[in-house]
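See below for the structure under consideration.
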Amino acid sequence: MQAIQDHYPAEFSHCYGCGPANPHGFHLKSYIDGERTHARFTPASMYSGGYPGNVYGGMLASLLDCHGTASAAAFAYRAQSRVMGDGGPPIRFVTGSLKVDYRRPTPLGVELLIEGTLCSLEGRKAVIDLTLSAGGEVCVTGVMVAVQFVAKA
Ligand SMILES: CCCCCCCCCCCCCCCC(=O)SCCNC(=O)CCNC(=O)[C@H](O)C(C)(C)COP(=O)(O)OP(=O)(O)OC[C@H]1O[C@@H](n2cnc3c(N)ncnc32)[C@H](O)[C@@H]1OP(=O)(O)O
């Protein structure tokens with residue numbers, strides 16, 4: 001299955017968190033599957049948080065950030081009965097706001113599962129509910145307002 005980010009046009013592929021063309025980035029890969037999106041990621045040990053063995057909160061927010069905007073794009077394509085990579089104008093979302101709740105420490109060295117569901121999609125605005133789990137336990141939740149980016153003339 002192709003990742004949502006694999007459909008990003010070359011000119012929008014440099015995001016540090018998820019751009020396939022950024023050689024220094026995380027290369028997060030998100031997938032849409034039914035009513036949910038998901039991504040899996042194992043942070044390297046250098047992303048240690050304030051006490052040993054746990055992940056740095058900024059890294060966790062980054063994962064929600066990139067997964068949330070990818071989810072918004074995928075849900076918007078679906079709502080418009082379009083297929084990602086169809087050659088039409090790209091439906092491109094940026095983060096307007098991201099609320100993050102750190103519910104329990106997130107362990108390092110464990111594959112993390114990031115999931116997204118569409119809460120609402122109205123006009124240019126998508127609200128995405130996000131969770132990040134480790135070993136089946138939800139460690140972080142988030143709510144993103146993603147706004148479809150329209151280039152101003
Ligand atoms: C899949 C195939 C191809 C896809 C191809 C995609 C390429 C994909 C590239 C990679 C993607 C990576 C992305 C990673 C995630 C980032 O890192 S994104 C970078 C961080 N974010 C930014 O830099 C965004 C900076 N902010 C802005 O550019 C502008 O403020 C915004 C967000 C575009 C909004 O400005 P605007 O266009 O003037 O829109 P505006 O008319 O004010 O608002 C539109 C609607 O959004 C709402 N809104 C705007 N801002 C907010 C906010 N902060 N909170 C709540 N609501 C808001 C407004 O209330 C309004 O709602 P309605 O009144 O319509 O209900």
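Residues are named by chain letter and number: chains run A, B, ... in the order of the structure tokens, numbers start at 1 in each chain, and ligands are numbered from 1 in the order shown.
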
Residues near stretch 4-14 of chain A, cut-off 10 Å, only C-alpha atoms, skip fewer than 3 positions along chain, as a PDB file with C-alpha atoms, in the first residue's frame:
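Final output, around_9.pdb:
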ATOM      1  CA  MET A   1       0.000   0.000   0.000  1.00  0.00           C
ATOM      2  CA  GLY A  17       8.788  15.126   9.731  1.00  0.00           C
ATOM      3  CA  CYS A  18       7.362  13.450   6.679  1.00  0.00           C
ATOM      4  CA  GLY A  19       8.898  14.722   3.445  1.00  0.00           C
ATOM      5  CA  PRO A  20      10.256  11.871   1.346  1.00  0.00           C
ATOM      6  CA  ALA A  21      12.821  14.275  -0.161  1.00  0.00           C
ATOM      7  CA  ASN A  22      14.311  15.527   3.127  1.00  0.00           C
ATOM      8  CA  PRO A  23      17.443  13.453   3.697  1.00  0.00           C
ATOM      9  CA  HIS A  24      17.633  14.480   7.375  1.00  0.00           C
ATOM     10  CA  GLY A  25      13.966  14.023   8.273  1.00  0.00           C
ATOM     11  CA  HIS A  27      10.180  10.114   6.738  1.00  0.00           C
ATOM     12  CA  LEU A  28       6.946   9.373   8.562  1.00  0.00           C
ATOM     13  CA  LYS A  29       4.628   7.228   6.466  1.00  0.00           C
ATOM     14  CA  SER A  30       0.875   7.474   7.019  1.00  0.00           C
ATOM     15  CA  TYR A  31      -1.805   5.236   5.574  1.00  0.00           C
ATOM     16  CA  ILE A  32      -5.551   5.486   5.282  1.00  0.00           C
ATOM     17  CA  THR A  37      -5.334   6.607   9.353  1.00  0.00           C
ATOM     18  CA  CYS A  66       2.738  15.270  10.301  1.00  0.00           C
ATOM     19  CA  HIS A  67       0.279  12.445  10.689  1.00  0.00           C
ATOM     20  CA  ALA A  70      -1.495  13.764   6.015  1.00  0.00           C
ATOM     21  CA  SER A  71      -4.764  12.439   7.460  1.00  0.00           C
ATOM     22  CA  ALA A  73      -5.382  15.454   3.012  1.00  0.00           C
ATOM     23  CA  ALA A  74      -6.418  11.811   2.675  1.00  0.00           C
ATOM     24  CA  VAL A  83      -7.719   9.580  -5.659  1.00  0.00           C
ATOM     25  CA  MET A  84      -4.413  10.814  -4.245  1.00  0.00           C
ATOM     26  CA  GLY A  85      -1.900  11.343  -7.033  1.00  0.00           C
ATOM     27  CA  ASP A  86      -4.631  11.731  -9.630  1.00  0.00           C
ATOM     28  CA  GLY A  87      -2.722  14.531 -11.367  1.00  0.00           C
ATOM     29  CA  PRO A  89      -4.411  20.133  -8.112  1.00  0.00           C
ATOM     30  CA  PRO A  90      -3.019  18.801  -4.822  1.00  0.00           C
ATOM     31  CA  ILE A  91      -5.246  19.194  -1.760  1.00  0.00           C
ATOM     32  CA  ARG A  92      -2.689  20.476   0.675  1.00  0.00           C
TER      33      ARG A  92
END

* Extract, using only C-alpha atoms, all DNA, RNA and protein residues at most 12 Å from A:Gly58, discarding same-chain residues fewer than 2 positions from it, and format them as number ranges by chain. => A: 17, 43, 47-50, 54-56, 60-65, 100-102, 106, 140

Deliver the residues from the most recent selection as a file, using C-alpha atoms, as a CSV table (one decimal), in the first residue's frame.
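Produced file result.csv, reproduced below:
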chain,number,residue,atom,x,y,z
A,17,GLY,CA,8.8,15.1,9.7
A,43,PRO,CA,12.2,7.1,17.7
A,47,TYR,CA,15.1,11.6,21.2
A,48,SER,CA,15.2,11.0,24.9
A,49,GLY,CA,13.0,13.2,27.0
A,50,GLY,CA,13.6,14.7,30.4
A,54,ASN,CA,11.1,8.1,27.6
A,55,VAL,CA,10.5,10.0,24.4
A,56,TYR,CA,10.9,13.8,24.1
A,60,LEU,CA,5.8,13.2,19.9
A,61,ALA,CA,4.1,16.4,18.9
A,62,SER,CA,6.0,16.3,15.5
A,63,LEU,CA,4.6,12.8,14.9
A,64,LEU,CA,1.0,14.0,15.5
A,65,ASP,CA,1.7,17.1,13.4
A,100,VAL,CA,-1.4,17.8,22.6
A,101,ASP,CA,-2.2,16.0,25.9
A,102,TYR,CA,0.6,13.8,27.3
A,106,THR,CA,6.0,7.3,26.1
A,140,VAL,CA,-0.6,10.9,23.9

* Hey, what's within 7 Å of stretch 122-131 of chain A if we count only C-alpha atoms and toss same-chain stuff fewer than 3 positions away? As a PyMOL selection string, please? -> chain A and resi 64+68+72+114-119+138+140-148

Selection to disk with C-alpha atoms, as a short mmCIF file (atom, residue, chain, number, x, y, z; two decimals), in the first residue's frame:
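The file below, out30.cif, is the result:
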data_model
loop_
_atom_site.label_atom_id
_atom_site.label_comp_id
_atom_site.auth_asym_id
_atom_site.auth_seq_id
_atom_site.Cartn_x
_atom_site.Cartn_y
_atom_site.Cartn_z
CA LEU A 64 1.03 14.01 15.54
CA GLY A 68 -2.56 14.91 11.25
CA ALA A 72 -6.57 15.67 6.62
CA ILE A 114 -0.15 7.02 15.60
CA GLU A 115 -3.79 7.01 14.55
CA GLY A 116 -6.12 9.65 13.17
CA THR A 117 -9.85 9.94 12.74
CA LEU A 118 -11.82 12.66 11.03
CA CYS A 119 -13.90 14.65 13.46
CA VAL A 138 -2.46 5.36 24.70
CA VAL A 140 -0.60 10.92 23.89
CA THR A 141 -3.78 12.33 22.45
CA GLY A 142 -4.21 15.36 20.27
CA VAL A 143 -6.65 17.44 18.30
CA MET A 144 -5.53 19.18 15.13
CA VAL A 145 -7.23 21.91 13.16
CA ALA A 146 -5.76 21.51 9.69
CA VAL A 147 -6.48 24.23 7.16
CA GLN A 148 -6.36 23.66 3.43
#

* To do: Would you work out the distance separating atom 39 (O, counted along the ligand's line) of ligand 1 from atom CA of A:Ser97, expressed in Å to one decimal?
  => 12.0 Å

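If only C-alpha atoms and all ligand atoms are the atoms counted, then among A:Pro52, A:Phe93, A:Arg82, A:Leu112 the closest residue to ligand 1 is A:Phe93.
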
* To do: Find the residue from A:Gly34, A:Gly96, A:Gly53, A:Gly88 that sits nearest to ligand 1; use only C-alpha atoms and all ligand atoms when measuring.
  =>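 Among A:Gly34, A:Gly96, A:Gly53, A:Gly88, it is A:Gly96 that comes nearest to ligand 1.
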
* To do: Measuring atom to atom with only C-alpha atoms and all ligand atoms, identify which of A:Leu113, A:Ala3, A:Met59, A:Leu132 is nearest to ligand 1.
  =>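 Comparing A:Leu113, A:Ala3, A:Met59, A:Leu132 against ligand 1, the winner is A:Ala3.
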
* **DSSP strand (DSSP E or B) selection over chain A, as a VMD selection string** => chain A and resid 30 to 33 36 to 41 48 54 to 55 93 to 102 107 112 to 122 125 to 134 137 to 148

* To do: Go through A:Cys139, A:Ala151, A:Leu121, A:Leu108 one by one, measure the shortest atom-to-atom distance of each to A:Phe75 using only C-alpha atoms, and give the residue with the smallest value.
  =>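 Distance minimum relative to A:Phe75 lands on A:Leu121.
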
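For the atom pair formed by atom 58 (C, counted along the ligand's line) of ligand 1 and atom CA of A:Ala79, the distance is 19.5 Å, given to one decimal.
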
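The interatomic distance for the pair atom CA of A:Arg40 and atom 13 (C, counted along the ligand's line) of ligand 1 works out to 17.1 Å.
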
* To do: Pick out the closest residue to ligand 1 from this set: A:Ala39, A:Ala134, A:Cys15, A:Val110. Count only C-alpha atoms and all ligand atoms.
  =>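 Between A:Ala39, A:Ala134, A:Cys15, A:Val110, the residue approaching ligand 1 most closely is A:Cys15.
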